>>> print(open('upload.cif').read())   # mmCIF, C-alpha atoms
data_upload
loop_
_atom_site.label_atom_id
_atom_site.label_comp_id
_atom_site.auth_asym_id
_atom_site.auth_seq_id
_atom_site.Cartn_x
_atom_site.Cartn_y
_atom_site.Cartn_z
CA MET A 657 30.12 19.90 20.76
CA GLU A 658 29.62 21.22 17.22
CA ARG A 659 32.20 18.87 15.81
CA GLY A 660 30.68 15.96 17.71
CA SER A 661 27.18 16.55 16.36
CA LEU A 662 28.54 16.98 12.83
CA LYS A 663 30.46 13.72 13.12
CA ARG A 664 27.33 11.97 14.36
CA GLY A 665 25.30 13.47 11.50
CA ILE A 666 27.82 12.21 8.97
CA LEU A 667 27.72 8.75 10.57
CA LEU A 668 23.92 8.65 10.33
CA ALA A 669 24.04 9.83 6.70
CA VAL A 670 26.59 7.13 5.87
CA GLY A 671 24.41 4.56 7.69
CA SER A 672 21.38 5.61 5.64
CA ALA A 673 23.37 5.44 2.39
CA VAL A 674 24.69 1.96 3.24
CA LEU A 675 21.13 0.76 3.90
CA PHE A 676 19.85 2.41 0.72
CA PHE A 677 22.45 0.84 -1.55
CA ALA A 678 22.71 -2.52 0.25
CA PRO A 679 21.49 -5.45 -1.89
CA SER A 680 17.74 -5.84 -1.35
CA GLY A 681 18.27 -9.58 -0.84
CA CYS A 682 20.00 -8.78 2.47
CA THR A 683 17.74 -6.03 3.76
CA ASP A 684 14.28 -7.24 2.70
CA LYS A 685 14.21 -10.39 4.82
CA ILE A 686 15.35 -8.51 7.91
CA ARG A 687 12.82 -5.73 7.31
CA LEU A 688 9.94 -8.13 6.74
CA THR A 689 10.80 -10.22 9.78
CA ALA A 690 10.97 -7.08 11.90
CA SER A 691 7.69 -5.76 10.49
CA ALA A 692 5.98 -9.02 11.55
CA ALA A 693 6.59 -7.83 15.11
CA LEU A 694 3.96 -5.16 14.45
CA ASN A 695 1.27 -7.86 14.12
CA PRO A 696 -0.17 -7.55 17.66
CA PHE A 697 -0.22 -3.75 17.44
CA SER A 698 -1.96 -3.76 14.09
CA ARG A 699 -4.58 -6.22 15.42
CA ILE A 700 -5.39 -3.59 18.08
CA ALA A 701 -5.50 -0.85 15.45
CA PHE A 702 -7.78 -2.96 13.22
CA GLY A 703 -10.10 -3.51 16.17
CA PHE A 704 -10.12 0.23 16.79
CA ARG A 705 -10.92 0.89 13.14
CA ARG A 706 -13.78 -1.61 13.15
CA LEU A 707 -15.50 0.48 15.82
CA PHE A 708 -15.92 3.27 13.29
CA THR A 709 -16.76 1.14 10.27
CA ARG A 710 -20.37 1.00 9.15
CA THR A 711 -21.76 -2.33 8.04
CA GLU A 712 -24.95 -1.21 6.31
CA PRO A 713 -25.69 -3.20 3.15
CA ASP A 714 -24.61 -1.33 0.06
CA PRO A 715 -27.51 -0.84 -2.45
CA LYS A 716 -25.00 -1.35 -5.25
CA LEU A 717 -24.06 -4.73 -3.81
CA ARG A 718 -27.75 -5.69 -3.51
CA GLU A 719 -28.26 -4.89 -7.17
CA GLU A 720 -25.14 -6.82 -8.07
CA ASN A 721 -26.44 -9.76 -6.05
CA ARG A 722 -29.73 -9.78 -8.00
CA TYR A 723 -27.82 -9.66 -11.25
CA LEU A 724 -25.57 -12.51 -10.15
CA GLN A 725 -28.58 -14.65 -9.24
CA GLU A 726 -29.92 -14.21 -12.77
CA GLN A 727 -26.55 -15.17 -14.12
CA LEU A 728 -26.59 -18.23 -11.90
CA GLN A 729 -29.79 -19.43 -13.57
CA LYS A 730 -28.20 -19.03 -16.97
CA ALA A 731 -25.04 -20.72 -15.79
CA ARG A 732 -27.00 -23.77 -14.51
CA MET A 733 -28.40 -24.38 -17.98
CA ARG A 734 -25.02 -23.97 -19.55
CA HIS A 735 -23.54 -26.25 -16.92
CA GLN A 736 -25.31 -29.30 -18.37
CA GLU A 737 -23.96 -28.50 -21.78
CA LEU A 738 -20.47 -28.05 -20.48
CA LEU A 739 -20.39 -31.26 -18.46
CA ALA A 740 -20.12 -33.18 -21.66
CA LYS A 741 -17.27 -31.00 -22.80
CA VAL A 742 -15.46 -31.36 -19.49
CA ALA A 743 -15.07 -35.08 -20.01
CA ALA A 744 -13.26 -34.36 -23.24
CA GLY A 745 -11.37 -31.44 -21.72
CA ARG A 746 -10.02 -33.58 -18.89
CA VAL A 747 -8.11 -35.72 -21.33
CA LEU A 748 -6.67 -32.59 -22.93
CA SER A 749 -5.76 -31.01 -19.61
CA GLU A 750 -3.58 -33.98 -18.72
CA VAL A 751 -1.59 -33.22 -21.82
CA ILE A 752 -1.29 -29.45 -21.58
CA GLY A 753 -1.10 -29.29 -17.78
CA GLU A 754 -3.88 -27.71 -15.78
CA ASN A 755 -3.26 -24.86 -13.36
CA ASP A 756 -3.87 -26.27 -9.93
CA PHE A 757 -3.34 -24.15 -6.90
CA ASP A 758 -3.10 -24.53 -3.16
CA VAL A 759 -4.80 -21.68 -1.37
CA ILE A 760 -2.95 -20.14 1.58
CA PHE A 761 -5.04 -17.84 3.77
CA ALA A 762 -2.98 -15.00 5.27
CA ASP A 763 -3.89 -12.10 7.55
CA VAL A 764 -3.00 -8.57 6.54
CA VAL A 765 -0.56 -7.13 9.07
CA VAL A 766 0.01 -3.72 7.50
CA PRO A 767 -2.49 -2.59 4.86
CA THR A 768 -0.48 0.30 3.41
CA ASP A 769 3.03 1.20 2.38
CA SER A 770 4.77 3.87 4.42
CA THR A 771 5.73 5.62 1.17
CA ILE A 772 2.81 7.39 -0.44
CA TRP A 773 3.93 6.41 -3.95
CA ARG A 774 3.82 2.68 -3.36
CA ASP A 775 0.79 0.41 -2.84
CA THR A 776 1.83 -2.62 -0.86
CA LEU A 777 0.61 -4.65 2.07
CA THR A 778 2.36 -6.96 4.50
CA LEU A 779 1.04 -10.45 5.23
CA SER A 780 1.39 -12.50 8.39
CA LYS A 781 2.70 -15.55 6.55
CA GLY A 782 5.94 -16.15 4.71
CA ALA A 783 8.30 -18.78 3.39
CA ALA A 784 7.65 -21.02 6.39
CA HIS A 785 4.02 -21.33 5.23
CA GLY A 786 4.90 -22.01 1.61
CA ILE A 787 4.68 -18.48 0.23
CA GLU A 788 7.17 -17.59 -2.48
CA PRO A 789 7.86 -14.41 -4.45
CA GLY A 790 5.76 -14.12 -7.60
CA MET A 791 2.67 -15.88 -6.23
CA LEU A 792 -0.63 -14.28 -7.06
CA VAL A 793 -2.73 -12.87 -4.22
CA VAL A 794 -6.52 -12.79 -4.54
CA TYR A 795 -9.58 -12.06 -2.47
CA HIS A 796 -12.29 -14.50 -3.57
CA ASN A 797 -12.35 -14.00 -7.35
CA TYR A 798 -10.72 -10.57 -7.25
CA LEU A 799 -7.09 -9.85 -7.89
CA VAL A 800 -5.22 -8.17 -5.04
CA GLY A 801 -1.60 -8.30 -6.20
CA ARG A 802 1.52 -10.37 -6.29
CA VAL A 803 3.98 -11.44 -3.59
CA SER A 804 7.21 -9.49 -4.07
CA GLN A 805 9.34 -10.15 -1.00
CA VAL A 806 9.26 -13.02 1.46
CA SER A 807 10.84 -13.67 4.83
CA ALA A 808 10.25 -16.68 7.05
CA LEU A 809 7.21 -15.25 8.84
CA ALA A 810 5.99 -12.37 6.68
CA SER A 811 5.68 -11.38 3.07
CA ARG A 812 5.13 -8.16 1.16
CA VAL A 813 2.56 -7.95 -1.63
CA ILE A 814 2.68 -5.32 -4.34
CA LEU A 815 -0.94 -4.42 -5.01
CA SER A 816 -2.43 -4.27 -8.49
CA THR A 817 -2.35 -0.45 -8.30
CA ASP A 818 1.38 -0.26 -7.49
CA PRO A 819 3.58 1.19 -10.27
CA GLN A 820 5.65 -2.02 -10.25
CA PHE A 821 2.67 -4.29 -10.95
CA ARG A 822 1.91 -5.61 -14.43
CA ILE A 823 -0.31 -8.47 -15.60
CA GLY A 824 -1.85 -9.67 -18.86
CA VAL A 825 -5.62 -9.10 -19.07
CA LEU A 826 -8.60 -9.42 -21.38
CA CYS A 827 -11.46 -6.94 -21.26
CA THR A 828 -14.97 -8.36 -21.23
CA GLU A 829 -18.45 -7.77 -19.81
CA LEU A 830 -19.55 -9.61 -16.68
CA GLY A 831 -21.74 -12.58 -17.52
CA GLU A 832 -21.17 -12.37 -21.26
CA ASP A 833 -19.45 -14.88 -23.47
CA PRO A 834 -15.75 -14.28 -24.02
CA PRO A 835 -15.10 -11.48 -26.53
CA VAL A 836 -14.89 -12.45 -30.18
CA GLN A 837 -11.95 -10.08 -30.61
CA ARG A 838 -9.50 -11.52 -28.07
CA GLN A 839 -6.93 -8.87 -27.50
CA VAL A 840 -4.61 -9.19 -24.56
CA GLY A 841 -3.73 -5.95 -22.83
CA VAL A 842 -1.40 -5.25 -19.96
CA ALA A 843 -2.83 -3.91 -16.71
CA GLN A 844 -0.32 -1.70 -14.98
CA GLY A 845 -0.70 0.06 -11.65
CA ILE A 846 -0.03 3.78 -11.53
CA GLY A 847 -0.65 4.40 -7.83
CA HIS A 848 -3.48 6.22 -6.04
CA GLY A 849 -5.88 3.30 -6.54
CA THR A 850 -5.72 3.35 -10.33
CA LEU A 851 -4.63 0.93 -13.06
CA LEU A 852 -4.02 1.52 -16.75
CA VAL A 853 -4.92 -1.17 -19.26
CA LYS A 854 -2.48 -0.72 -22.13
CA TRP A 855 -2.33 -1.92 -25.71
CA LEU A 856 -6.07 -2.26 -26.32
CA THR A 857 -7.58 -1.03 -29.59
CA ASP A 858 -11.12 0.11 -30.33
CA GLU A 859 -11.94 -3.32 -31.80
CA THR A 860 -12.09 -4.87 -28.32
CA GLY A 861 -15.30 -2.98 -27.59
CA VAL A 862 -14.08 -2.06 -24.12
CA ARG A 863 -16.27 0.51 -22.39
CA VAL A 864 -16.91 1.98 -18.98
CA GLY A 865 -18.22 -0.81 -16.74
CA SER A 866 -16.33 -3.60 -18.50
CA VAL A 867 -14.03 -5.74 -16.43
CA ALA A 868 -10.44 -6.78 -17.05
CA VAL A 869 -9.84 -10.45 -16.29
CA THR A 870 -6.50 -12.22 -16.14
CA THR A 871 -5.32 -14.38 -19.00
CA GLN A 872 -3.78 -17.72 -18.24
CA ASP A 873 -0.03 -17.60 -17.71
CA PRO A 874 1.12 -20.90 -16.23
CA ALA A 875 4.77 -19.83 -16.19
CA SER A 876 3.95 -16.97 -13.81
CA GLY A 877 1.32 -18.93 -11.87
CA VAL A 878 -1.59 -16.86 -13.13
CA PRO A 879 -4.94 -18.61 -13.66
CA LYS A 880 -7.39 -17.15 -16.11
CA GLY A 881 -10.60 -15.39 -15.18
CA ILE A 882 -9.54 -13.54 -12.02
CA ILE A 883 -11.11 -10.07 -12.08
CA ALA A 884 -8.24 -7.59 -12.11
CA ALA A 885 -10.03 -4.27 -12.63
CA ARG A 886 -13.28 -2.53 -13.35
CA ILE A 887 -12.98 -0.06 -16.22
CA ARG A 888 -13.95 3.45 -15.17
CA ALA A 889 -12.73 5.60 -18.09
CA VAL A 890 -11.99 5.00 -21.75
CA ASP A 891 -10.36 7.75 -23.80
CA ARG A 892 -10.34 7.02 -27.52
CA GLY A 893 -7.89 9.84 -28.32
CA ARG A 894 -6.09 10.03 -31.64
CA GLY A 895 -3.61 7.19 -31.37
CA ARG A 896 -4.08 3.55 -32.29
CA TYR A 897 -4.38 2.43 -28.68
CA LEU A 898 -7.03 3.43 -26.18
CA HIS A 899 -6.29 5.06 -22.88
CA VAL A 900 -8.17 2.73 -20.54
CA GLU A 901 -8.28 3.48 -16.85
CA GLY A 902 -9.52 1.04 -14.25
CA GLU A 903 -9.93 0.62 -10.53
CA PRO A 904 -9.37 -2.50 -8.45
CA PRO A 905 -12.57 -4.54 -7.92
CA VAL A 906 -11.93 -4.70 -4.18
CA ASN A 907 -10.96 -2.02 -1.70
CA HIS A 908 -7.39 -2.96 -0.79
CA ARG A 909 -7.40 -0.92 2.40
CA GLY A 910 -10.38 -2.81 3.79
CA LEU A 911 -8.81 -6.26 3.47
CA GLU A 912 -8.19 -8.14 6.69
CA TYR A 913 -7.16 -11.40 5.03
CA VAL A 914 -6.27 -12.54 1.53
CA MET A 915 -5.64 -15.78 -0.30
CA VAL A 916 -2.27 -16.60 -1.84
CA LEU A 917 -2.36 -18.93 -4.83
CA ALA A 918 0.51 -21.39 -4.63
CA PRO A 919 0.90 -23.35 -7.86
CA ARG A 920 0.88 -27.04 -7.09
CA ARG A 921 4.16 -28.62 -8.14
CA ARG A 922 3.87 -31.65 -10.38
CA GLN A 923 6.15 -34.61 -9.89
CA MET B 1345 9.27 4.73 27.85
CA LYS B 1346 6.46 7.20 27.12
CA PHE B 1347 8.37 8.32 24.06
CA ALA B 1348 8.85 4.72 22.81
CA ILE B 1349 5.10 4.05 23.20
CA ALA B 1350 4.29 7.27 21.34
CA VAL B 1351 6.65 6.30 18.50
CA VAL B 1352 5.19 2.78 18.11
CA ALA B 1353 1.67 4.25 18.23
CA ALA B 1354 2.59 6.84 15.57
CA VAL B 1355 4.17 4.29 13.21
CA VAL B 1356 1.32 1.78 13.59
CA ALA B 1357 -1.37 4.48 13.31
CA GLU B 1358 0.23 5.78 10.14
CA ALA B 1359 0.54 2.31 8.65
CA VAL B 1360 -2.88 0.90 9.60
CA LEU B 1361 -5.13 3.94 9.85
CA GLY B 1362 -3.27 6.32 7.51
CA GLY B 1363 -5.29 5.21 4.50
CA ASP B 1364 -8.60 5.81 6.32
CA VAL B 1365 -7.81 9.43 7.14
CA SER B 1366 -6.24 10.30 3.79
CA ILE B 1367 -7.55 13.36 1.95
CA GLY B 1368 -7.11 13.31 -1.82
CA GLY B 1369 -4.45 10.61 -1.51
CA ALA B 1370 -2.46 12.60 1.09
CA ARG B 1371 -1.77 10.87 4.39
CA PRO B 1372 -0.50 12.62 7.52
CA GLN B 1373 3.04 11.65 8.50
CA PHE B 1374 2.54 10.85 12.19
CA ALA B 1375 5.98 9.25 12.55
CA LEU B 1376 7.61 12.45 11.26
CA ILE B 1377 5.70 14.50 13.83
CA ALA B 1378 6.84 12.10 16.56
CA ALA B 1379 10.44 12.51 15.38
CA CYS B 1380 10.45 16.33 15.13
CA LEU B 1381 8.49 17.27 18.26
CA PRO B 1382 11.19 16.29 20.82
CA ALA B 1383 13.75 18.37 18.87
CA LEU B 1384 11.99 21.58 19.96
CA ARG B 1385 12.86 20.99 23.62
CA PRO B 1386 15.22 18.02 23.83
CA ALA B 1387 15.49 16.37 27.23
CA ARG B 1388 18.98 16.45 28.74
CA GLY B 1389 21.17 13.58 27.58
CA ARG B 1390 18.76 12.55 24.81
CA ASP B 1391 20.11 12.43 21.28
CA VAL B 1392 17.08 13.54 19.27
CA VAL B 1393 18.82 13.16 15.88
CA LEU B 1394 19.68 9.52 16.58
CA ALA B 1395 16.14 8.93 17.90
CA ALA B 1396 14.71 10.44 14.69
CA TRP B 1397 17.01 8.23 12.61
CA LEU B 1398 15.70 5.15 14.44
CA ILE B 1399 12.07 6.25 13.96
CA GLY B 1400 12.79 6.70 10.25
CA LEU B 1401 14.31 3.24 10.19
CA ALA B 1402 11.15 1.82 11.79
CA LYS B 1403 9.17 3.44 8.99
CA ASP B 1404 11.59 2.01 6.44
CA LEU B 1405 10.51 -1.48 7.55
CA LEU B 1406 7.11 -0.87 6.04
CA THR B 1407 7.94 0.17 2.51
CA ALA B 1408 8.82 -1.69 -0.65
CA ASN B 1409 11.27 1.09 -1.58
CA PRO B 1410 14.97 0.77 -0.59
CA PRO B 1411 15.51 1.33 3.15
CA GLY B 1412 17.41 4.25 4.65
CA LEU B 1413 15.53 7.08 2.97
CA ASN B 1414 13.10 7.80 5.79
CA ALA B 1415 15.91 7.44 8.33
CA ALA B 1416 18.04 10.00 6.48
CA VAL B 1417 15.21 12.52 5.96
CA PHE B 1418 13.93 12.21 9.55
CA SER B 1419 17.37 12.77 11.05
CA ALA B 1420 18.08 15.64 8.63
CA ALA B 1421 14.76 17.28 9.56
CA THR B 1422 15.48 16.95 13.28
CA TYR B 1423 19.03 18.25 12.84
CA GLY B 1424 17.55 21.18 10.87
CA VAL B 1425 15.14 21.93 13.73
CA THR B 1426 17.97 21.95 16.30
CA ARG B 1427 19.92 24.41 14.09
CA VAL B 1428 16.99 26.67 13.15
CA LYS B 1429 15.71 27.08 16.70
CA ARG B 1430 18.99 28.78 17.67
CA ALA B 1431 18.20 31.63 15.29
CA VAL B 1432 14.38 31.70 15.24
CA THR B 1433 11.81 30.92 17.90
CA VAL B 1434 9.91 27.95 16.52
CA ASP B 1435 8.51 26.63 19.80
CA HIS B 1436 4.90 27.44 19.02
CA ALA B 1437 2.15 25.72 17.03
CA GLY B 1438 2.74 27.81 13.88
CA GLY B 1439 6.48 27.19 13.93
CA PHE B 1440 6.01 23.46 14.41
CA ALA B 1441 3.40 23.35 11.63
CA ALA B 1442 5.93 25.02 9.29
CA ILE B 1443 8.61 22.47 10.27
CA CYS B 1444 6.21 19.56 9.65
CA PHE B 1445 5.12 21.07 6.33
CA CYS B 1446 8.69 21.41 5.04
CA ALA B 1447 9.84 18.00 6.28
CA ALA B 1448 6.76 16.10 5.03
CA ALA B 1449 6.78 17.82 1.62
CA ALA B 1450 10.51 17.14 1.23
CA LEU B 1451 10.10 13.49 2.28
CA THR B 1452 7.21 12.95 -0.14
CA MET B 1453 9.07 14.53 -3.04
CA VAL B 1454 12.33 12.68 -2.37
CA SER B 1455 10.52 9.35 -2.03
CA GLY B 1456 8.68 10.21 -5.27
CA VAL B 1457 12.02 10.65 -7.05
CA VAL B 1458 13.28 7.34 -5.61
CA THR B 1459 10.08 5.56 -6.73
CA ARG B 1460 10.46 7.09 -10.19
CA ILE B 1461 14.06 5.87 -10.42
CA PHE B 1462 13.55 2.36 -9.04
CA VAL B 1463 9.96 1.47 -9.95
CA GLY B 1464 8.13 3.44 -12.55
CA PRO B 1465 6.01 6.31 -13.68
CA VAL B 1466 5.58 9.13 -11.17
CA GLY B 1467 5.30 12.56 -12.77
CA PHE B 1468 7.22 15.55 -11.40
CA ALA B 1469 4.08 17.72 -11.33
CA GLU B 1470 2.33 14.99 -9.32
CA MET B 1471 5.28 14.83 -6.91
CA LEU B 1472 5.00 18.56 -6.34
CA THR B 1473 1.24 18.68 -5.82
CA VAL B 1474 1.10 15.55 -3.66
CA GLY B 1475 4.14 16.79 -1.70
CA ILE B 1476 2.42 20.08 -0.93
CA ARG B 1477 -0.83 18.31 0.02
CA VAL B 1478 0.98 15.89 2.35
CA GLY B 1479 2.95 18.84 3.78
CA LEU B 1480 -0.20 20.84 4.48
CA TYR B 1481 -1.97 17.87 6.04
CA THR B 1482 1.04 16.94 8.18
CA GLY B 1483 1.53 20.60 9.15
CA ALA B 1484 -2.08 20.84 10.34
CA ALA B 1485 -1.80 17.51 12.20
CA GLY B 1486 1.53 18.66 13.68
CA ALA B 1487 0.01 21.88 14.99
CA ALA B 1488 -2.83 19.90 16.59
CA VAL B 1489 -0.40 17.41 18.19
CA TYR B 1490 1.77 20.31 19.41
CA ALA B 1491 -1.24 22.02 21.02
CA LEU B 1492 -2.30 18.74 22.63
CA VAL B 1493 1.14 17.98 24.06
CA ARG B 1494 1.55 21.54 25.38
CA SER B 1495 -1.87 21.45 27.04
CA TRP B 1496 -0.86 18.20 28.79
CA GLU B 1497 2.38 19.85 29.92
CA ARG B 1498 0.51 22.87 31.27
CA ARG B 1499 -1.92 20.61 33.10
CA ASP B 1500 0.97 18.68 34.69
CA LEU B 1501 2.62 21.97 35.71
CA ARG B 1502 -0.60 23.20 37.27
CA ARG B 1503 -0.94 19.96 39.20
CA LEU B 1504 2.63 20.29 40.45
CA ARG B 1505 2.00 23.87 41.63
CA ASP B 1506 -1.21 22.88 43.39
#
>>> encode(input="upload.cif", output="structure tokens")
Amino acid sequence: MERGSLKRGILLAVGSAVLFFAPSGCTDKIRLTASAALNPFSRIAFGFRRLFTRTEPDPKLREENRYLQEQLQKARMRHQELLAKVAAGRVLSEVIGENDFDVIFADVVVPTDSTIWRDTLTLSKGAAHGIEPGMLVVYHNYLVGRVSQVSALASRVILSTDPQFRIGVLCTELGEDPPVQRQVGVAQGIGHGTLLVKWLTDETGVRVGSVAVTTQDPASGVPKGIIAARIRAVDRGRGRYLHVEGEPPVNHRGLEYVMVLAPRRRQ
Amino acid sequence: MKFAIAVVAAVVAEAVLGGDVSIGGARPQFALIAACLPALRPARGRDVVLAAWLIGLAKDLLTANPPGLNAAVFSAATYGVTRVKRAVTVDHAGGFAAICFCAAAALTMVSGVVTRIFVGPVGFAEMLTVGIRVGLYTGAAGAAVYALVRSWERRDLRRLRD
């Protein structure tokens, strides 16, 4: 009896080790496909959660809405001015290649990672719907993360707060002109709903309340201007670079669907 | 069948609702509770260690970390329970809370080490504090689940007697 249970224990340990060290290319697709089977259960759980979710308008959002309406007025005036420039810019864009994207809407099947140290979510669409690893995932104009693993019917997204996530960003104020001192930093997730924006100096003028927006990176399929983080702490310290801490502009746990940006392939 | 439903409910609840009930970043490990509870009084002919390994594997589906870790820790925890209960009486809420605390804290710390190795910056002090928080939360949840299950059992017994 003792020997039997020990033998079984060793077998399970060996099984776990084989899974752990197996190439992720083999295990990820199987895991994601199997996790898609949870879709109907998670729909029920989402419905259950909605029962306890309040939908009162947030006063902060109302204020933001008023601010955005003011910005809209400004933007309309500027729009006329820019229309003339667009005509010239169109010619240029044909030369340098403009980032065009197809938008794929996908439901969130599992909004969290089962390991507390990782921030990921699982989507209900995969390679069969045109999703590929590396594609950017957004919610309206807010950055959510990047697709990391794909199976035929599901895909896993590493969120912007995951320790594996990195992206080039510029810090600016909402509604202001682009900063004079253009300094590209790197936004890196550190878990627990927090991002660090690295390699920024004092000259950028970054302060609490600024936003970090993505810089254009056509090779990685990143368009410019997607809001990646809101800055919540800036520590000037003694070193050359600031310690800038941010939070995602959207609550990842509350997402029920997201948009995957699929770069349009040019012939 | 009841057990399979409870396991699916635990894994889905942890994955979908875990974030909503987190306290200071610590989430209760419902799947771990579902794996350890049957080990206290295993039904005849049921291999609780293998069942725990399979529950861990189900949890491994939902992480970006390499698979197999949850399966190994779950089965080790269940095996530990089957060994410990020969020497100490752990079939009470306090005993089960202690089991859940140890298993959840160990799982959190081990997965922290794996994340540090494979992904990036997770501090050792953070692993320790988060591990203890998750352990405490899971221990408290485990004690509550234990009390609930035992009250159901007592009610069923009373019904049978009547």
>>> interface_residues(input="upload.cif", of="chain B", to="chain A", cutoff="6 Å", atoms="only C-alpha atoms", output="list in words")
Ala1359, Val1360, Leu1405, Leu1406, Thr1407, Pro1410, Pro1411, Gly1412, Ala1416, Val1463 and Gly1464 of chain B
>>> resolve_selection(input="upload.cif", expression="the PyMOL selection byres ((chain A and resi 885) around 7)", output="PyMOL selection string")
chain A and resi 867-868+883-884+886-887+902-905
>>> write_last_selection(input="upload.cif", atoms="C-alpha atoms", output="mmCIF file, in the frame of the given file")
data_model
loop_
_atom_site.group_PDB
_atom_site.id
_atom_site.type_symbol
_atom_site.label_atom_id
_atom_site.label_comp_id
_atom_site.auth_asym_id
_atom_site.auth_seq_id
_atom_site.Cartn_x
_atom_site.Cartn_y
_atom_site.Cartn_z
ATOM 1 C CA VAL A 867 -14.030 -5.740 -16.430
ATOM 2 C CA ALA A 868 -10.440 -6.780 -17.050
ATOM 3 C CA ILE A 883 -11.110 -10.070 -12.080
ATOM 4 C CA ALA A 884 -8.240 -7.590 -12.110
ATOM 5 C CA ARG A 886 -13.280 -2.530 -13.350
ATOM 6 C CA ILE A 887 -12.980 -0.060 -16.220
ATOM 7 C CA GLY A 902 -9.520 1.040 -14.250
ATOM 8 C CA GLU A 903 -9.930 0.620 -10.530
ATOM 9 C CA PRO A 904 -9.370 -2.500 -8.450
ATOM 10 C CA PRO A 905 -12.570 -4.540 -7.920
#
>>> resolve_selection(input="upload.cif", expression="the PyMOL selection byres ((chain B and resi 1441) around 8)", output="MDAnalysis selection string")
chainID B and resid 1437:1440 1442:1445 1482:1487
>>> resolve_selection(input="upload.cif", expression="the PyMOL selection byres ((chain B and resi 1384-1398) around 9)", output="ChimeraX atom specification")
/A:664-665,668,672 /B:1376,1378-1383,1399-1403,1412,1414-1423,1425-1426,1429,1434-1435,1440
>>> atom_distance(input="upload.cif", atom1="CA of Gly841 (chain A)", atom2="CA of Arg894 (chain A)")
18.4 Å
>>> residues_around(input="upload.cif", residues="Val914 (chain A)", least_positions_apart="5", cutoff="12 Å", atoms="all atoms listed in the file", output="JSON, numbers by chain")
{"A": [759, 760, 761, 762, 763, 764, 765, 767, 777, 778, 779, 780, 781, 792, 793, 794, 795, 796, 797, 798, 799, 800, 801, 802, 803, 813, 815, 906, 907, 908, 909]}
>>> atom_distance(input="upload.cif", atom1="CA of Gly1475 (chain B)", atom2="CA of Thr1452 (chain B)")
5.2 Å
>>> residues_around(input="upload.cif", residues="Val1458 (chain B)", least_positions_apart="4", cutoff="9 Å", atoms="only C-alpha atoms", output="mmCIF file with C-alpha atoms, in the coordinates of the input")
data_model
loop_
_atom_site.group_PDB
_atom_site.id
_atom_site.type_symbol
_atom_site.label_atom_id
_atom_site.label_comp_id
_atom_site.auth_asym_id
_atom_site.auth_seq_id
_atom_site.Cartn_x
_atom_site.Cartn_y
_atom_site.Cartn_z
ATOM 1 C CA ASN B 1409 11.270 1.090 -1.580
ATOM 2 C CA PRO B 1410 14.970 0.770 -0.590
ATOM 3 C CA LEU B 1413 15.530 7.080 2.970
ATOM 4 C CA MET B 1453 9.070 14.530 -3.040
ATOM 5 C CA VAL B 1454 12.330 12.680 -2.370
ATOM 6 C CA PHE B 1462 13.550 2.360 -9.040
ATOM 7 C CA VAL B 1463 9.960 1.470 -9.950
#
>>> atom_distance(input="upload.cif", atom1="CA of Leu917 (chain A)", atom2="CA of Pro874 (chain A)")
12.1 Å
>>> closest_residue(input="upload.cif", among="B:Arg1427, B:Leu1501, B:Ala1491, B:Ala1449", to="Met1471 (chain B)", atoms="only C-alpha atoms")
B:Ala1449
>>> axis_aligned_box(input="upload.cif", around="region 1441-1450 of chain B", padding_each_side="6 Å", output="lines of an AutoDock Vina configuration file")
center_x = 7.0
center_y = 20.6
center_z = 6.4
size_x = 19.1
size_y = 20.9
size_z = 22.4
>>> closest_residue(input="upload.cif", among="B:His1436, B:Gly1424, B:Ala1408, B:Ala1370", to="Leu1492 (chain B)", atoms="all atoms listed in the file")
B:His1436
>>> residues_near_point(input="upload.cif", point="(-2.0, 0.6, -25.4)", cutoff="7 Å", atoms="only C-alpha atoms", output="MDAnalysis selection string")
chainID A and resid 854:856 897:899
>>> write_last_selection(input="upload.cif", atoms="C-alpha atoms", output="CSV table (one decimal), in the coordinates of the input")
chain,number,residue,atom,x,y,z
A,854,LYS,CA,-2.5,-0.7,-22.1
A,855,TRP,CA,-2.3,-1.9,-25.7
A,856,LEU,CA,-6.1,-2.3,-26.3
A,897,TYR,CA,-4.4,2.4,-28.7
A,898,LEU,CA,-7.0,3.4,-26.2
A,899,HIS,CA,-6.3,5.1,-22.9
>>> build_atoms(input="upload.cif", residues="region 1373-1378 of chain B", atoms="N, CA and C atoms", output="mmCIF file, keeping the file's coordinate frame")
data_model
loop_
_atom_site.group_PDB
_atom_site.id
_atom_site.type_symbol
_atom_site.label_atom_id
_atom_site.label_comp_id
_atom_site.auth_asym_id
_atom_site.auth_seq_id
_atom_site.Cartn_x
_atom_site.Cartn_y
_atom_site.Cartn_z
ATOM 1 N N GLN B 1373 1.819 12.372 8.127
ATOM 2 C CA GLN B 1373 3.040 11.650 8.500
ATOM 3 C C GLN B 1373 3.214 11.722 10.024
ATOM 4 N N PHE B 1374 2.499 10.831 10.728
ATOM 5 C CA PHE B 1374 2.540 10.850 12.190
ATOM 6 C C PHE B 1374 3.945 10.554 12.736
ATOM 7 N N ALA B 1375 4.644 9.627 12.071
ATOM 8 C CA ALA B 1375 5.980 9.250 12.550
ATOM 9 C C ALA B 1375 6.925 10.455 12.470
ATOM 10 N N LEU B 1376 6.765 11.252 11.423
ATOM 11 C CA LEU B 1376 7.610 12.450 11.260
ATOM 12 C C LEU B 1376 7.336 13.458 12.381
ATOM 13 N N ILE B 1377 6.071 13.596 12.730
ATOM 14 C CA ILE B 1377 5.700 14.500 13.830
ATOM 15 C C ILE B 1377 6.338 14.007 15.133
ATOM 16 N N ALA B 1378 6.249 12.675 15.341
ATOM 17 C CA ALA B 1378 6.840 12.100 16.560
ATOM 18 C C ALA B 1378 8.346 12.278 16.600
#
